[in-house]
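Asks: I'm passing along model17.cif; it holds mmCIF, C-alpha atoms.
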```cif
data_entry
loop_
_atom_site.label_atom_id
_atom_site.label_comp_id
_atom_site.auth_asym_id
_atom_site.auth_seq_id
_atom_site.Cartn_x
_atom_site.Cartn_y
_atom_site.Cartn_z
CA MET V 1023 56.47 184.71 124.45
CA THR V 1024 53.95 187.16 123.07
CA THR V 1025 51.90 185.67 120.27
CA ALA V 1026 52.89 187.27 116.98
CA ALA V 1027 50.27 189.19 115.10
CA ALA V 1028 49.79 188.41 111.43
CA ALA V 1029 52.59 190.15 109.57
CA PRO V 1030 51.46 192.60 106.91
CA THR V 1031 52.44 191.88 103.36
CA GLY V 1032 55.37 194.15 102.55
CA PRO V 1033 56.58 195.63 99.27
CA ARG V 1034 57.59 193.03 96.70
CA ALA V 1035 60.16 193.51 94.01
CA GLU V 1036 58.91 194.14 90.52
CA PRO V 1037 60.23 191.74 87.86
CA GLY V 1038 63.84 192.71 87.20
CA ALA V 1039 63.95 195.06 90.21
CA PRO V 1040 66.19 194.43 93.22
CA ARG V 1041 64.63 192.76 96.20
CA PRO V 1042 63.77 195.19 99.02
CA VAL V 1043 66.36 195.67 101.75
CA ALA V 1044 65.73 194.93 105.42
CA LEU V 1045 68.35 195.91 108.00
CA LEU V 1046 69.50 193.58 110.77
CA LEU V 1047 71.10 195.36 113.74
CA PRO V 1048 73.04 193.22 116.24
CA GLY V 1049 73.32 193.49 120.01
CA GLN V 1050 75.40 192.25 122.93
CA GLY V 1051 78.04 189.70 122.01
CA SER V 1052 78.95 191.17 118.63
CA GLN V 1053 81.14 193.94 120.06
CA HIS V 1054 84.93 193.99 119.77
CA ARG V 1055 87.76 196.48 120.10
CA ALA V 1056 87.76 199.24 117.47
CA MET V 1057 84.69 197.79 115.76
CA ALA V 1058 84.04 199.73 112.54
CA ALA V 1059 86.87 202.13 113.40
CA GLY V 1060 88.33 201.57 109.94
CA LEU V 1061 85.32 203.33 108.43
CA HIS V 1062 85.46 206.46 110.57
CA PRO V 1063 88.20 208.33 108.63
CA TYR V 1064 86.86 207.33 105.19
CA GLU V 1065 83.06 207.39 105.44
CA PRO V 1066 81.86 210.89 106.44
CA VAL V 1067 78.22 209.84 106.83
CA PHE V 1068 79.19 207.03 109.19
CA ALA V 1069 81.55 209.29 111.14
CA GLU V 1070 78.99 212.09 111.54
CA ALA V 1071 76.29 209.74 112.77
CA PHE V 1072 78.63 207.86 115.12
CA ASP V 1073 80.00 211.11 116.57
CA GLU V 1074 76.50 212.55 117.02
CA VAL V 1075 75.59 209.62 119.29
CA LEU V 1076 78.69 209.89 121.47
CA ASP V 1077 78.60 213.70 121.56
CA ALA V 1078 75.05 213.50 122.93
CA MET V 1079 76.43 211.47 125.85
CA GLY V 1080 78.68 214.33 126.98
CA ARG V 1081 81.67 213.41 129.15
CA HIS V 1082 80.59 209.76 129.14
CA GLY V 1083 80.71 209.80 125.34
CA ALA V 1084 84.28 211.12 125.42
CA MET V 1085 85.33 208.24 127.69
CA ILE V 1086 83.51 205.71 125.50
CA ARG V 1087 85.26 207.07 122.40
CA ALA V 1088 88.67 206.86 124.11
CA ASP V 1089 88.14 203.22 125.04
CA TRP V 1090 86.86 202.44 121.53
CA ARG V 1091 90.09 203.83 120.11
CA ALA V 1092 92.40 202.42 122.80
CA ALA V 1093 95.34 200.62 121.19
CA GLU V 1094 95.77 198.35 124.19
CA ARG V 1095 93.75 197.87 127.37
CA PRO V 1096 90.77 200.26 127.67
CA GLU V 1097 89.89 201.88 130.98
CA VAL V 1098 86.60 199.97 130.99
CA PRO V 1099 86.41 196.53 129.27
CA LEU V 1100 84.47 196.63 126.02
CA ASP V 1101 82.28 193.73 127.18
CA HIS V 1102 81.07 195.85 130.11
CA VAL V 1103 77.59 197.34 129.79
CA LEU V 1104 79.05 200.87 130.00
CA ARG V 1105 81.00 200.28 126.77
CA SER V 1106 79.37 197.49 124.75
CA GLN V 1107 75.86 198.90 124.68
CA PRO V 1108 76.61 202.55 123.75
CA LEU V 1109 79.17 201.50 121.14
CA LEU V 1110 76.87 198.90 119.60
CA PHE V 1111 74.08 201.45 119.40
CA ALA V 1112 76.41 204.04 117.81
CA VAL V 1113 77.87 201.61 115.25
CA ASP V 1114 74.49 200.09 114.32
CA TYR V 1115 72.88 203.50 113.94
CA ALA V 1116 75.80 204.94 111.95
CA LEU V 1117 75.87 201.98 109.55
CA GLY V 1118 72.14 202.30 109.06
CA ARG V 1119 72.58 205.97 108.19
CA LEU V 1120 75.33 205.00 105.74
CA VAL V 1121 72.99 202.60 103.93
CA LEU V 1122 70.36 205.33 103.74
CA SER V 1123 72.94 207.70 102.23
CA TRP V 1124 73.31 205.27 99.31
CA GLY V 1125 69.71 205.94 98.36
CA ILE V 1126 68.47 202.63 99.75
CA ARG V 1127 65.24 202.85 101.72
CA PRO V 1128 64.82 199.72 103.86
CA VAL V 1129 61.31 198.30 103.96
CA ALA V 1130 61.88 196.85 107.44
CA LEU V 1131 64.32 196.84 110.34
CA LEU V 1132 65.01 194.10 112.89
CA GLY V 1133 67.33 194.67 115.80
CA HIS V 1134 68.59 192.28 118.48
CA SER V 1135 68.40 193.74 122.02
CA ILE V 1136 70.13 197.16 121.92
CA GLY V 1137 69.90 196.83 118.13
CA GLU V 1138 66.14 197.26 118.43
CA LEU V 1139 66.65 200.71 119.91
CA ALA V 1140 68.96 201.55 116.99
CA ALA V 1141 66.35 200.21 114.56
CA ALA V 1142 63.65 202.33 116.17
CA THR V 1143 65.85 205.42 115.95
CA LEU V 1144 66.51 204.84 112.25
CA ALA V 1145 62.74 204.40 111.80
CA GLY V 1146 62.05 207.78 113.43
CA VAL V 1147 60.63 206.58 116.74
CA PHE V 1148 63.28 208.55 118.66
CA PRO V 1149 65.37 211.54 117.62
CA VAL V 1150 68.95 210.30 117.72
CA ARG V 1151 70.14 212.60 120.50
CA ASP V 1152 67.19 211.57 122.67
CA ALA V 1153 67.92 207.91 121.93
CA ALA V 1154 71.54 208.43 122.96
CA ARG V 1155 70.36 209.83 126.29
CA VAL V 1156 68.09 206.82 126.75
CA VAL V 1157 71.00 204.44 126.07
CA LEU V 1158 73.24 206.25 128.53
CA ASP V 1159 70.54 206.30 131.21
CA ARG V 1160 69.99 202.56 130.67
CA VAL V 1161 73.63 201.54 130.97
CA LEU V 1162 74.28 203.71 134.02
CA ARG V 1163 71.39 201.95 135.77
CA LEU V 1164 72.44 198.46 134.69
CA ALA V 1165 76.06 199.06 135.69
CA ASP V 1166 74.94 198.81 139.34
CA ALA V 1167 73.74 195.22 138.89
CA PRO V 1168 75.90 192.37 140.24
CA PRO V 1169 78.15 190.64 137.69
CA GLY V 1170 76.43 188.16 135.42
CA GLY V 1171 76.70 186.63 132.01
CA MET V 1172 75.15 184.68 129.17
CA LEU V 1173 75.67 181.23 127.67
CA ALA V 1174 74.82 180.33 124.07
CA VAL V 1175 73.66 176.71 124.16
CA ALA V 1176 73.15 174.38 121.20
CA ALA V 1177 69.67 173.29 122.28
CA ASN V 1178 66.05 174.37 122.11
CA PRO V 1179 64.38 176.06 125.11
CA ASP V 1180 62.31 172.97 125.97
CA ARG V 1181 65.49 170.91 126.37
CA LEU V 1182 66.91 173.54 128.73
CA ALA V 1183 63.89 173.80 131.05
CA PRO V 1184 65.55 171.64 133.76
CA TYR V 1185 68.45 174.10 133.96
CA LEU V 1186 66.29 177.15 134.61
CA GLY V 1187 65.52 178.47 138.04
CA GLY V 1188 66.40 181.21 140.45
CA GLN V 1189 67.46 184.10 138.25
CA VAL V 1190 68.76 182.00 135.35
CA ALA V 1191 66.37 182.34 132.42
CA VAL V 1192 66.13 182.02 128.67
CA GLY V 1193 67.54 185.32 127.48
CA ALA V 1194 67.13 184.80 123.75
CA VAL V 1195 66.15 182.26 121.13
CA ASN V 1196 68.22 183.16 118.10
CA ALA V 1197 67.47 180.13 115.91
CA PRO V 1198 66.33 176.53 116.23
CA GLY V 1199 68.89 174.88 118.50
CA GLN V 1200 70.43 178.24 119.45
CA THR V 1201 69.24 179.39 122.87
CA VAL V 1202 70.93 181.88 125.17
CA LEU V 1203 70.72 181.43 128.93
CA SER V 1204 71.31 184.43 131.16
CA GLY V 1205 71.79 184.97 134.85
CA PRO V 1206 74.00 186.13 137.73
CA GLY V 1207 77.59 184.93 137.69
CA GLY V 1208 77.48 182.26 140.39
CA GLU V 1209 74.17 180.77 139.31
CA LEU V 1210 75.17 180.76 135.66
CA ARG V 1211 78.50 179.07 136.39
CA ALA V 1212 76.64 176.30 138.22
CA VAL V 1213 74.33 175.87 135.22
CA GLY V 1214 77.36 175.73 132.93
CA GLU V 1215 78.84 172.91 135.01
CA ARG V 1216 75.59 170.95 134.73
CA LEU V 1217 75.39 171.54 130.98
CA ARG V 1218 78.96 170.30 130.55
CA ALA V 1219 78.34 167.25 132.70
CA ASP V 1220 75.27 166.40 130.61
CA GLY V 1221 77.18 166.72 127.35
CA LEU V 1222 75.46 169.86 126.05
CA VAL V 1223 77.53 172.18 123.87
CA PHE V 1224 77.69 175.84 124.87
CA ARG V 1225 79.92 178.88 124.80
CA PRO V 1226 80.01 182.09 126.83
CA VAL V 1227 78.59 185.20 125.19
CA PRO V 1228 80.89 188.24 125.60
CA ALA V 1229 78.90 189.95 128.37
CA LEU V 1230 79.53 190.92 131.98
CA SER V 1231 75.83 191.46 132.76
CA ALA V 1232 72.86 189.10 132.93
CA PHE V 1233 71.01 190.70 130.02
CA HIS V 1234 67.44 189.52 129.50
CA SER V 1235 67.11 187.83 132.87
CA PRO V 1236 65.13 188.70 136.03
CA ALA V 1237 68.44 189.63 137.68
CA LEU V 1238 68.35 193.01 135.93
CA ALA V 1239 64.75 193.87 136.79
CA PRO V 1240 65.51 195.93 139.95
CA TYR V 1241 68.15 197.93 138.07
CA ALA V 1242 65.98 198.67 135.04
CA LYS V 1243 63.36 200.28 137.26
CA GLY V 1244 63.07 204.03 136.87
CA ALA V 1245 64.06 204.09 133.20
CA GLU V 1246 60.46 205.02 132.36
CA ARG V 1247 61.04 208.55 133.66
CA LEU V 1248 63.45 209.67 130.95
CA LEU V 1249 61.62 207.63 128.32
CA GLY V 1250 58.46 209.48 129.24
CA GLU V 1251 60.19 212.83 128.67
CA VAL V 1252 61.76 212.24 125.25
CA ARG V 1253 59.86 212.41 121.97
CA ARG V 1254 58.39 209.12 120.78
CA ASN V 1255 56.74 208.66 117.40
CA PRO V 1256 55.14 205.81 115.47
CA PRO V 1257 57.78 204.11 113.30
CA GLY V 1258 58.05 205.51 109.80
CA THR V 1259 59.40 202.15 108.61
CA PRO V 1260 58.22 198.80 110.00
CA VAL V 1261 60.36 197.66 112.94
CA TYR V 1262 60.04 193.95 113.67
CA SER V 1263 60.40 193.66 117.43
CA GLY V 1264 62.44 190.86 118.91
CA TYR V 1265 60.26 191.11 122.00
CA THR V 1266 56.91 190.48 120.29
CA ALA V 1267 58.01 188.80 117.02
CA ALA V 1268 55.75 191.25 115.18
CA PRO V 1269 55.91 194.76 113.75
CA LEU V 1270 56.20 197.44 116.41
CA THR V 1271 52.84 199.15 116.94
CA ALA V 1272 52.36 202.87 117.46
CA GLU V 1273 51.24 202.13 121.01
CA GLN V 1274 54.38 200.15 121.78
CA ALA V 1275 56.60 202.79 120.19
CA ARG V 1276 55.11 205.45 122.49
CA SER V 1277 55.18 203.27 125.63
CA PRO V 1278 57.98 204.10 128.11
CA GLU V 1279 57.36 200.75 129.82
CA PHE V 1280 57.89 198.81 126.59
CA TRP V 1281 61.39 200.25 126.12
CA ALA V 1282 62.29 200.24 129.81
CA ARG V 1283 61.75 196.47 130.11
CA GLN V 1284 63.86 195.49 127.13
CA PRO V 1285 67.07 194.75 129.08
CA VAL V 1286 65.02 192.28 131.21
CA ASP V 1287 62.66 190.63 128.71
CA PRO V 1288 63.77 187.73 126.47
CA VAL V 1289 64.55 188.23 122.77
CA TRP V 1290 62.73 186.00 120.24
CA PHE V 1291 64.94 186.83 117.29
CA TRP V 1292 64.18 183.79 115.13
CA SER V 1293 60.42 184.29 115.42
CA ALA V 1294 60.81 187.95 114.48
CA LEU V 1295 63.01 187.04 111.50
CA ASP V 1296 60.46 184.44 110.43
CA ALA V 1297 57.68 187.06 110.55
CA LEU V 1298 59.76 189.50 108.50
CA LEU V 1299 60.60 186.95 105.80
CA GLU V 1300 56.97 185.88 105.50
CA THR V 1301 56.37 189.21 103.77
CA GLY V 1302 58.46 188.25 100.74
CA GLY V 1303 61.99 188.01 99.41
CA ARG V 1304 64.42 190.42 101.06
CA VAL V 1305 68.06 191.42 100.99
CA LEU V 1306 68.95 191.15 104.66
CA VAL V 1307 71.75 193.62 105.37
CA GLU V 1308 73.50 193.21 108.71
CA ALA V 1309 74.46 196.72 109.80
CA GLY V 1310 76.70 196.11 112.78
CA PRO V 1311 79.92 194.46 113.93
CA GLY V 1312 80.51 190.79 113.27
CA GLN V 1313 78.21 188.64 111.22
CA GLY V 1314 76.30 186.85 113.96
CA LEU V 1315 72.84 187.79 112.68
CA ALA V 1316 73.92 187.13 109.10
CA ALA V 1317 74.99 183.61 110.10
CA VAL V 1318 71.62 183.01 111.75
CA ALA V 1319 69.70 184.43 108.78
CA ARG V 1320 71.55 182.15 106.36
CA ARG V 1321 69.95 179.21 108.15
CA HIS V 1322 66.45 180.41 107.32
CA THR V 1323 64.58 178.47 104.64
CA ALA V 1324 63.87 181.66 102.67
CA VAL V 1325 67.61 182.28 102.34
CA ARG V 1326 68.62 178.67 101.75
CA ARG V 1327 66.10 178.43 98.89
CA GLY V 1328 67.31 181.68 97.34
CA HIS V 1329 64.16 183.72 97.94
CA SER V 1330 66.17 186.09 100.13
CA ARG V 1331 69.88 186.81 100.47
CA VAL V 1332 72.18 188.05 103.20
CA VAL V 1333 74.79 190.82 103.02
CA ALA V 1334 77.03 191.89 105.93
CA LEU V 1335 78.64 195.34 106.06
CA LEU V 1336 81.50 194.43 108.41
CA PRO V 1337 83.86 191.43 108.68
CA ALA V 1338 82.89 188.31 110.59
CA ARG V 1339 85.94 188.68 112.86
CA PRO V 1340 88.07 191.64 113.95
CA GLY V 1341 90.71 192.32 111.36
CA GLY V 1342 91.72 195.96 111.60
CA PRO V 1343 90.84 199.04 109.53
CA ASP V 1344 91.62 197.46 106.16
CA ALA V 1345 89.29 194.54 106.90
CA ASP V 1346 86.46 196.96 107.75
CA ARG V 1347 86.85 198.79 104.46
CA ALA V 1348 87.22 195.59 102.45
CA ALA V 1349 84.04 194.16 103.95
CA LEU V 1350 82.12 197.34 103.19
CA ALA V 1351 83.39 197.37 99.60
CA ALA V 1352 82.33 193.72 99.18
CA ALA V 1353 78.89 194.51 100.61
CA LYS V 1354 78.47 197.34 98.09
CA ASP V 1355 79.37 194.94 95.28
CA HIS V 1356 76.74 192.46 96.49
CA LEU V 1357 74.12 195.20 96.55
CA ARG V 1358 75.13 196.35 93.07
CA ASP V 1359 74.82 192.76 91.93
CA GLU V 1360 71.31 192.76 93.36
CA GLY V 1361 70.51 195.79 91.20
CA TYR V 1362 71.10 198.75 93.51
CA ASP V 1363 72.91 201.81 92.15
CA ILE V 1364 75.47 202.28 94.94
CA PRO V 1365 77.84 205.26 94.65
#
```
Represent the structure contained in this file as structure tokens.
Replies:
Amino acid sequence: MTTAAAAPTGPRAEPGAPRPVALLLPGQGSQHRAMAAGLHPYEPVFAEAFDEVLDAMGRHGAMIRADWRAAERPEVPLDHVLRSQPLLFAVDYALGRLVLSWGIRPVALLGHSIGELAAATLAGVFPVRDAARVVLDRVLRLADAPPGGMLAVAANPDRLAPYLGGQVAVGAVNAPGQTVLSGPGGELRAVGERLRADGLVFRPVPALSAFHSPALAPYAKGAERLLGEVRRNPPGTPVYSGYTAAPLTAEQARSPEFWARQPVDPVWFWSALDALLETGGRVLVEAGPGQGLAAVARRHTAVRRGHSRVVALLPARPGGPDADRAALAAAKDHLRDEGYDIP
């Protein structure tokens, strides 16, 4: 893990003012059928941003949209890299734009895996249509990799060291006692059998690829070419990187190699969240499907002691269009309660 730089002190709320908002943008594992689809007909800002992402992907975007809307079995499973990653990026980005349309200016963004690319786009590192091309290029490359997967294990990385080897690696550390192992299908199944035999609790992450493991390294190669062609800017809003557990630097934002390696490198989400919350009390708004990051954030001392709070824009579990709209309405009420003037 890269040693985190000292986090800068961020804006602090004035007495009586609402605490600043920081956006959390989830990644692989939070996807589900028709995620956020209930917002599309009713929230024009969300719909415009979502459609802009998929339109930039051309014919691939049309196929992704059809599978997103599919009432029954999609042509490509939504847990496949060709569907999960573009849709997660589109939903995260569109929800972020919706929050901005309410007049809220986040003081920081923190994304998990593909969510970091959405965070960077919201922060102005990439123009959205260029970012959509980068996402599409990434998933087309990774789709050639052999099948793999991820296991969320209730243990710390040190406890799991004996289970690592070959191409099975720590893919993410989401919280204390919440580690994700990643690797090719056969190797990961063997590790799962050992974990079960040793009494360790784990569950599969909805993924058909070995994200954040060495298994993807050969297939991520070459992504630097397109990344070197698109515009890249320093972030206009601090982006806390899950890969460095520190604010994204201008050099990292402009580095094609930094972005190209993200599907291979591990995610240190908890350390990045810790660095963000060291800057002061925040309203952590999860802008993405599910409430996985919200659940993790609620474990943080700053939230448990009331210094910060957590708000999720979408329901914790799939529940249809009405559930999407009800969750968004509840989130608005929470933000109004915090002191924000939400239309």
Asks: At a cut-off of 7 Å, using only C-alpha atoms, what residues contact region 1212-1223 of chain V? Leave out same-chain residues fewer than 3 positions from it and give the result as a list in words.
Replies: Val1175, Ala1176, Tyr1185, Gly1208 and Glu1209 of chain V
Asks: Rank V:Phe1148, V:Tyr1241, V:Tyr1115, V:Trp1124 by their smallest atom-to-atom distance to Pro1278 (chain V), using all atoms listed in the file, and report the top residue only.
Replies: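 The closest residue to Pro1278 (chain V) is V:Phe1148.
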Asks: Can you turn the PyMOL selection byres ((chain V and resi 1235) around 9) into a concrete residue list for this file, as a short mmCIF file (atom, residue, chain, number, x, y, z; two decimals) with C-alpha atoms, keeping the file's coordinate frame?
Replies:
```cif
data_model
loop_
_atom_site.label_atom_id
_atom_site.label_comp_id
_atom_site.auth_asym_id
_atom_site.auth_seq_id
_atom_site.Cartn_x
_atom_site.Cartn_y
_atom_site.Cartn_z
CA GLN V 1189 67.46 184.10 138.25
CA VAL V 1190 68.76 182.00 135.35
CA ALA V 1191 66.37 182.34 132.42
CA VAL V 1192 66.13 182.02 128.67
CA GLY V 1193 67.54 185.32 127.48
CA LEU V 1203 70.72 181.43 128.93
CA SER V 1204 71.31 184.43 131.16
CA GLY V 1205 71.79 184.97 134.85
CA PRO V 1206 74.00 186.13 137.73
CA ALA V 1232 72.86 189.10 132.93
CA PHE V 1233 71.01 190.70 130.02
CA HIS V 1234 67.44 189.52 129.50
CA PRO V 1236 65.13 188.70 136.03
CA ALA V 1237 68.44 189.63 137.68
CA LEU V 1238 68.35 193.01 135.93
CA ALA V 1239 64.75 193.87 136.79
CA PRO V 1285 67.07 194.75 129.08
CA VAL V 1286 65.02 192.28 131.21
CA ASP V 1287 62.66 190.63 128.71
CA PRO V 1288 63.77 187.73 126.47
#
```
Asks: Evaluated on this file, the PyMOL selection byres ((chain V and resi 1127) around 10) picks out some residues - which ones are they, written as JSON, numbers by chain?
Replies: {"V": [1042, 1043, 1044, 1045, 1121, 1122, 1123, 1124, 1125, 1126, 1128, 1129, 1130, 1259]}
Asks: Of the residues V:Ala1282, V:Ala1197, V:Leu1182, V:Ala1112, which is the one nearest to Arg1321 (chain V), using all atoms listed in the file?
Replies: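 Checking each candidate against Arg1321 (chain V), we get V:Ala1197 as the closest.
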Asks: Going by the chain IDs and residue numbers used in this file, which residues fall under the PyMOL selection byres ((chain V and resi 1054) around 10)? Write them as a compact mmCIF listing (two decimals) with C-alpha atoms, keeping the file's coordinate frame.
Replies:
```txt
# COMPACT_ATOMS: atom_id res chain seq x y z
CA GLY V 1051 78.04 189.70 122.01
CA SER V 1052 78.95 191.17 118.63
CA GLN V 1053 81.14 193.94 120.06
CA ARG V 1055 87.76 196.48 120.10
CA ALA V 1056 87.76 199.24 117.47
CA MET V 1057 84.69 197.79 115.76
CA ALA V 1058 84.04 199.73 112.54
CA TRP V 1090 86.86 202.44 121.53
CA PRO V 1099 86.41 196.53 129.27
CA LEU V 1100 84.47 196.63 126.02
CA ASP V 1101 82.28 193.73 127.18
CA SER V 1106 79.37 197.49 124.75
CA LEU V 1109 79.17 201.50 121.14
CA LEU V 1110 76.87 198.90 119.60
CA PRO V 1228 80.89 188.24 125.60
CA PRO V 1311 79.92 194.46 113.93
CA GLY V 1312 80.51 190.79 113.27
CA ARG V 1339 85.94 188.68 112.86
CA PRO V 1340 88.07 191.64 113.95
```
Asks: I'd like the interatomic distance between CA of Pro1198 (chain V) and CA of Gly1170 (chain V), to a tenth of an Å.
Replies: 24.6 Å
Asks: Tell me, as a PyMOL selection string, which residues lie within 9 Å of Arg1163 (chain V), counting all atoms listed in the file; anything in the same chain fewer than 6 positions away does not count.
Replies: chain V and resi 1241-1245
Asks: Would you please work out which residue, of V:Pro1269, V:Pro1343, V:Pro1040, V:Pro1257, is nearest to Pro1149 (chain V) when using only C-alpha atoms?
Replies: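 Smallest distance to Pro1149 (chain V) is found for V:Pro1257.
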Asks: Could you work out how far CA of Gln1284 (chain V) lies from CA of Arg1151 (chain V), giving the answer in Å with one decimal?
Replies: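 Between these atoms lies a distance of 19.4 Å.
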Asks: With a distance cut-off of 12 Å and all atoms listed in the file, select the neighbouring residues of Asp1077 (chain V), excluding the residue or stretch itself and same-chain residues fewer than 4 positions from it, and output the selection as a ChimeraX atom specification.
Replies: /V:1069-1073,1081-1087,1108,1112,1150-1152,1154-1155,1158
Asks: Using only C-alpha atoms, can you tell me which of V:Leu1210, V:Leu1120, V:Asp1180, V:Thr1271 comes closest to Ile1364 (chain V)?
Replies: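 Using only C-alpha atoms, Ile1364 (chain V) sits closest to V:Leu1120.
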Asks: Determine, counting only C-alpha atoms, which protein, DNA and RNA residues have an atom within 9 Å of an atom of Glu1138 (chain V); residues of the same chain fewer than 3 positions away are not included. Present the result as JSON, numbers by chain.
Replies: {"V": [1047, 1048, 1049, 1131, 1132, 1133, 1134, 1135, 1141, 1142, 1143, 1261, 1262, 1263, 1264]}
Asks: Mind listing as a list in words all residues within 8 Å of (61.9, 176.5, 123.2), counting only C-alpha atoms?
Replies: Asn1178, Pro1179, Asp1180, Arg1181, Val1195 and Thr1201 of chain V
Asks: Just give me the gap between CA of Ala1140 (chain V) and CA of Glu1094 (chain V) in Å, one decimal is fine.
Replies: 27.9 Å
Asks: Once 6 Å is added on each side, what are the centre and the three edge lengths, in Å to one decimal, of the axis-aligned box enclosing the listed atoms of region 1041-1052 of chain V? Present them as AutoDock Vina command-line options.
Replies:
```
--center_x 71.4 --center_y 192.8 --center_z 109.6 --size_x 27.2 --size_y 18.2 --size_z 38.7
```
Asks: From the list V:Arg1105, V:Arg1041, V:Arg1091, V:Arg1327, which residue is nearest Gly1060 (chain V) when using only C-alpha atoms?
Replies: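 Nearest to Gly1060 (chain V): V:Arg1091.
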Asks: Calculated over only C-alpha atoms, which of the candidates V:Val1325, V:Leu1046, V:Ala1317, V:Ala1275 has the smallest distance to Leu1299 (chain V)?
Replies: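 Of the candidates, the smallest distance to Leu1299 (chain V) is held by V:Val1325.
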